[in-house]
Amino acid sequence: MTHVLQYTSSSDVVDDVIDQNLEAVAQWKGRRLRAQHGRSHGCVTATFTIRDKLPERLRHGLFAQPATYTAAVRFSNGAHLDDRKTDAHGMAVKLFDVPGPKLIDAEALAHLNISQLSDEFDFVLVDQDTFPTYLPDEYERMSSLIATLQAVQHAANKRRKWSLKLIARGLRAGFRAFATRKGKQRLRIASDFASNYMQSPFEAHFWSTTPYRLGPDLTVRYLARSVRHKTATKPVDEADGISQKLRNDVAEGDNRFEFCIIEPPRDGDGFDQLDNRIRWACEPGPDAPLDPFHHTVTPVADVTISKDAKFDPHDGDTMSFSPWRVTAEHEPLGPINAIRLKAYLSLARARFPNR
């Protein structure tokens, strides 16, 4: 299976994404939170255990040998501060003491003249199996809208100042994105992406949505598959209801995700493995029917949150997560990940200027 050549995004688009998110972050009073996924449900300690006897084709990089790593897992809302709203929900996993140079370290040295060496390894996931945009300009518009929405909510709660510049930019992005017939279709797709209710994060599945290299030949996506999945059909009762449910679930007993590698549908017929809008698997259940072109979902590790796991509602806010904090065997692929490389790093530096 061959890779499509890696996409490099326009520097103007990357700079616009960084600028609009920096504008949102700059309005914070005191501790600066993320411009997107700023609403944290909590961060919990976990163990990430790589399984033994994996198929040979998957034994690369982090998955080459059985191992157990200490991890931190942050759960979040994508845009809303109120847990009762439908939204896209995030699961970010950070492994500690993972040897080897990380791709984000080279970027830090090349573009910010920052020399850093990380022993961390990140996975960035969301509770949808596809990402609604693929083209860089569409991603820039969506990023602007989300940053604006979150900033307005924070300002209404008097946690940050109003930014007329940010709001004007968000309105322009909304008009450019959705004023046309094609734009209305994009609005429907974006709305579907942020349409999930959530009760407990431990009852949801989370996908990488974007593709990654695995070793020299394979393109994959990742899935954190809940072992007690339930489809939430109604919202929680309180504005911080997901946070409360997460805390209670941690206190009551062990919780686990199967961390899986998804291999793509068949190659050929114009199929672009890098297009994160294309669904690879319709249903992640072990015995459920899959897309007819789907190849395989293989559990490769377990993310276990034990009953005595440390829970903190704010710990994750002092961390940065990036899909590029990985070794070369796991290189992020596609245009959306290309934008994220510089954007995530620059935004992290803005949030933590003294690090």
# chains A, B, ... in the order shown; residues from 1 in each chain; ligands from 1

$ residues_around --residues "A:Gln199" --least-positions-apart "5" --cutoff "7 Å" --atoms "only C-alpha atoms" --output "list of chain:residue names"
A:Ala232, A:Pro235, A:Val236, A:Ile242, A:Lys245

$ select_by_dssp --residues "stretch 202-271 of chain A" --states "alpha helix (DSSP H)" --output "ChimeraX atom specification"
/A:241-252

$ residues_around --residues "A:Arg51" --least-positions-apart "2" --cutoff "10 Å" --atoms "only C-alpha atoms" --output "compact mmCIF listing (two decimals) with N, CA, C and O atoms, in the first residue's frame"
# COMPACT_ATOMS: atom_id res chain seq x y z
N PHE A 48 -1.13 2.78 29.87
CA PHE A 48 -1.27 2.46 28.45
C PHE A 48 -0.43 1.23 28.21
O PHE A 48 0.81 1.28 28.23
N THR A 49 -1.08 0.09 28.00
CA THR A 49 -0.40 -1.19 27.90
C THR A 49 -0.46 -1.71 26.47
O THR A 49 -1.55 -1.98 25.94
N LYS A 53 2.17 -10.08 20.97
CA LYS A 53 1.82 -10.88 19.80
C LYS A 53 0.94 -10.13 18.79
O LYS A 53 -0.04 -10.67 18.26
N LEU A 54 1.30 -8.88 18.53
CA LEU A 54 0.60 -8.12 17.50
C LEU A 54 0.99 -8.63 16.12
O LEU A 54 2.07 -9.19 15.94
N PHE A 63 4.56 0.50 18.93
CA PHE A 63 3.93 -0.82 19.02
C PHE A 63 4.88 -1.96 18.68
O PHE A 63 4.44 -3.10 18.52
N ALA A 64 6.17 -1.68 18.62
CA ALA A 64 7.13 -2.72 18.23
C ALA A 64 7.25 -3.81 19.28
O ALA A 64 7.44 -4.99 18.94
N GLN A 65 7.16 -3.45 20.55
CA GLN A 65 7.34 -4.40 21.65
C GLN A 65 6.25 -4.19 22.70
O GLN A 65 5.78 -3.07 22.89
N PRO A 66 5.87 -5.26 23.44
CA PRO A 66 4.95 -5.08 24.57
C PRO A 66 5.58 -4.14 25.60
O PRO A 66 6.78 -4.20 25.85
N ALA A 67 4.77 -3.26 26.16
CA ALA A 67 5.27 -2.31 27.15
C ALA A 67 4.09 -1.68 27.88
O ALA A 67 2.95 -1.74 27.40
N THR A 68 4.37 -1.09 29.04
CA THR A 68 3.36 -0.37 29.80
C THR A 68 3.89 1.03 30.12
O THR A 68 5.01 1.16 30.63
N PHE A 259 -7.38 0.42 22.67
CA PHE A 259 -6.78 1.31 21.69
C PHE A 259 -6.50 0.50 20.43
O PHE A 259 -5.77 -0.49 20.47
N PRO A 299 -7.21 -4.25 17.96
CA PRO A 299 -6.80 -3.70 19.25
C PRO A 299 -5.31 -3.95 19.47
O PRO A 299 -4.84 -5.08 19.34
N VAL A 300 -4.58 -2.90 19.78
CA VAL A 300 -3.13 -3.02 19.97
C VAL A 300 -2.68 -2.65 21.37
O VAL A 300 -1.55 -2.93 21.77
N ALA A 301 -3.56 -2.00 22.14
CA ALA A 301 -3.18 -1.55 23.49
C ALA A 301 -4.45 -1.36 24.31
O ALA A 301 -5.57 -1.40 23.79
N ASP A 302 -4.26 -1.15 25.60
CA ASP A 302 -5.36 -0.88 26.52
C ASP A 302 -5.06 0.38 27.31
O ASP A 302 -3.96 0.53 27.86

$ atom_distance --atom1 "atom CA of A:Asp83" --atom2 "atom CA of A:Arg247"
14.2 Å

$ residues_around --residues "A:Thr130" --least-positions-apart "5" --cutoff "7 Å" --atoms "only C-alpha atoms" --output "list in words"
Thr209, Asn276, Arg277, Ile278 and Arg279 of chain A

$ atom_distance --atom1 "atom CA of A:Lys230" --atom2 "atom CA of A:Phe193"
18.1 Å

$ decode --residues "stretch 204-227 of chain A" --atoms "N, CA, C and O atoms" --output "PDB file, in the first residue's frame"
ATOM      1  N   ALA A 204     -18.089   6.382  25.500  1.00  0.00           N
ATOM      2  CA  ALA A 204     -17.976   6.891  24.130  1.00  0.00           C
ATOM      3  C   ALA A 204     -16.750   6.302  23.435  1.00  0.00           C
ATOM      4  O   ALA A 204     -15.774   5.920  24.081  1.00  0.00           O
ATOM      5  N   HIS A 205     -16.809   6.226  22.115  1.00  0.00           N
ATOM      6  CA  HIS A 205     -15.645   5.891  21.301  1.00  0.00           C
ATOM      7  C   HIS A 205     -14.988   7.177  20.814  1.00  0.00           C
ATOM      8  O   HIS A 205     -15.666   8.186  20.579  1.00  0.00           O
ATOM      9  N   PHE A 206     -13.676   7.145  20.628  1.00  0.00           N
ATOM     10  CA  PHE A 206     -12.941   8.328  20.172  1.00  0.00           C
ATOM     11  C   PHE A 206     -11.994   7.920  19.042  1.00  0.00           C
ATOM     12  O   PHE A 206     -11.274   6.925  19.166  1.00  0.00           O
ATOM     13  N   TRP A 207     -11.980   8.714  17.958  1.00  0.00           N
ATOM     14  CA  TRP A 207     -11.169   8.433  16.775  1.00  0.00           C
ATOM     15  C   TRP A 207     -10.116   9.526  16.552  1.00  0.00           C
ATOM     16  O   TRP A 207     -10.313  10.677  16.942  1.00  0.00           O
ATOM     17  N   SER A 208      -9.061   9.178  15.832  1.00  0.00           N
ATOM     18  CA  SER A 208      -8.097  10.194  15.419  1.00  0.00           C
ATOM     19  C   SER A 208      -8.650  11.026  14.265  1.00  0.00           C
ATOM     20  O   SER A 208      -8.215  12.157  14.069  1.00  0.00           O
ATOM     21  N   THR A 209      -9.569  10.524  13.505  1.00  0.00           N
ATOM     22  CA  THR A 209     -10.158  11.098  12.282  1.00  0.00           C
ATOM     23  C   THR A 209      -9.114  11.301  11.183  1.00  0.00           C
ATOM     24  O   THR A 209      -9.381  10.997  10.025  1.00  0.00           O
ATOM     25  N   THR A 210      -7.945  11.839  11.511  1.00  0.00           N
ATOM     26  CA  THR A 210      -6.904  12.059  10.513  1.00  0.00           C
ATOM     27  C   THR A 210      -5.967  10.858  10.441  1.00  0.00           C
ATOM     28  O   THR A 210      -5.840  10.103  11.404  1.00  0.00           O
ATOM     29  N   PRO A 211      -5.275  10.671   9.308  1.00  0.00           N
ATOM     30  CA  PRO A 211      -4.419   9.490   9.128  1.00  0.00           C
ATOM     31  C   PRO A 211      -2.990   9.701   9.610  1.00  0.00           C
ATOM     32  O   PRO A 211      -2.510  10.836   9.720  1.00  0.00           O
ATOM     33  N   TYR A 212      -2.323   8.585   9.868  1.00  0.00           N
ATOM     34  CA  TYR A 212      -0.942   8.591  10.352  1.00  0.00           C
ATOM     35  C   TYR A 212      -0.164   7.488   9.648  1.00  0.00           C
ATOM     36  O   TYR A 212      -0.716   6.448   9.277  1.00  0.00           O
ATOM     37  N   ARG A 213       1.115   7.722   9.503  1.00  0.00           N
ATOM     38  CA  ARG A 213       1.998   6.675   9.019  1.00  0.00           C
ATOM     39  C   ARG A 213       2.197   5.651  10.137  1.00  0.00           C
ATOM     40  O   ARG A 213       2.228   6.002  11.321  1.00  0.00           O
ATOM     41  N   LEU A 214       2.345   4.397   9.780  1.00  0.00           N
ATOM     42  CA  LEU A 214       2.787   3.375  10.725  1.00  0.00           C
ATOM     43  C   LEU A 214       3.866   2.552  10.039  1.00  0.00           C
ATOM     44  O   LEU A 214       3.572   1.751   9.146  1.00  0.00           O
ATOM     45  N   GLY A 215       5.117   2.800  10.441  1.00  0.00           N
ATOM     46  CA  GLY A 215       6.221   2.128   9.785  1.00  0.00           C
ATOM     47  C   GLY A 215       6.409   2.650   8.372  1.00  0.00           C
ATOM     48  O   GLY A 215       5.950   3.736   8.015  1.00  0.00           O
ATOM     49  N   PRO A 216       7.050   1.888   7.500  1.00  0.00           N
ATOM     50  CA  PRO A 216       7.399   2.389   6.159  1.00  0.00           C
ATOM     51  C   PRO A 216       6.267   2.361   5.147  1.00  0.00           C
ATOM     52  O   PRO A 216       6.295   3.104   4.169  1.00  0.00           O
ATOM     53  N   ASP A 217       5.235   1.524   5.345  1.00  0.00           N
ATOM     54  CA  ASP A 217       4.287   1.271   4.255  1.00  0.00           C
ATOM     55  C   ASP A 217       2.824   1.521   4.580  1.00  0.00           C
ATOM     56  O   ASP A 217       2.005   1.636   3.669  1.00  0.00           O
ATOM     57  N   LEU A 218       2.451   1.582   5.844  1.00  0.00           N
ATOM     58  CA  LEU A 218       1.048   1.541   6.209  1.00  0.00           C
ATOM     59  C   LEU A 218       0.532   2.935   6.592  1.00  0.00           C
ATOM     60  O   LEU A 218       1.224   3.714   7.241  1.00  0.00           O
ATOM     61  N   THR A 219      -0.688   3.244   6.137  1.00  0.00           N
ATOM     62  CA  THR A 219      -1.425   4.424   6.590  1.00  0.00           C
ATOM     63  C   THR A 219      -2.561   3.938   7.483  1.00  0.00           C
ATOM     64  O   THR A 219      -3.311   3.035   7.102  1.00  0.00           O
ATOM     65  N   VAL A 220      -2.706   4.545   8.661  1.00  0.00           N
ATOM     66  CA  VAL A 220      -3.689   4.066   9.627  1.00  0.00           C
ATOM     67  C   VAL A 220      -4.416   5.249  10.265  1.00  0.00           C
ATOM     68  O   VAL A 220      -3.988   6.400  10.162  1.00  0.00           O
ATOM     69  N   ARG A 221      -5.519   4.936  10.898  1.00  0.00           N
ATOM     70  CA  ARG A 221      -6.155   5.838  11.860  1.00  0.00           C
ATOM     71  C   ARG A 221      -6.217   5.106  13.194  1.00  0.00           C
ATOM     72  O   ARG A 221      -6.062   3.890  13.258  1.00  0.00           O
ATOM     73  N   TYR A 222      -6.505   5.868  14.254  1.00  0.00           N
ATOM     74  CA  TYR A 222      -6.571   5.298  15.586  1.00  0.00           C
ATOM     75  C   TYR A 222      -7.993   5.378  16.137  1.00  0.00           C
ATOM     76  O   TYR A 222      -8.767   6.275  15.799  1.00  0.00           O
ATOM     77  N   LEU A 223      -8.310   4.449  17.006  1.00  0.00           N
ATOM     78  CA  LEU A 223      -9.612   4.395  17.666  1.00  0.00           C
ATOM     79  C   LEU A 223      -9.419   3.973  19.116  1.00  0.00           C
ATOM     80  O   LEU A 223      -8.773   2.957  19.382  1.00  0.00           O
ATOM     81  N   ALA A 224      -9.959   4.748  20.049  1.00  0.00           N
ATOM     82  CA  ALA A 224     -10.059   4.333  21.447  1.00  0.00           C
ATOM     83  C   ALA A 224     -11.488   3.840  21.648  1.00  0.00           C
ATOM     84  O   ALA A 224     -12.435   4.633  21.723  1.00  0.00           O
ATOM     85  N   ARG A 225     -11.636   2.526  21.690  1.00  0.00           N
ATOM     86  CA  ARG A 225     -12.958   1.892  21.697  1.00  0.00           C
ATOM     87  C   ARG A 225     -13.384   1.590  23.133  1.00  0.00           C
ATOM     88  O   ARG A 225     -12.739   0.825  23.844  1.00  0.00           O
ATOM     89  N   SER A 226     -14.470   2.208  23.564  1.00  0.00           N
ATOM     90  CA  SER A 226     -14.969   1.996  24.923  1.00  0.00           C
ATOM     91  C   SER A 226     -15.453   0.561  25.101  1.00  0.00           C
ATOM     92  O   SER A 226     -16.153   0.026  24.231  1.00  0.00           O
ATOM     93  N   VAL A 227     -15.116  -0.042  26.228  1.00  0.00           N
ATOM     94  CA  VAL A 227     -15.579  -1.408  26.483  1.00  0.00           C
ATOM     95  C   VAL A 227     -17.003  -1.420  27.042  1.00  0.00           C
ATOM     96  O   VAL A 227     -17.609  -2.478  27.150  1.00  0.00           O
TER      97      VAL A 227
END
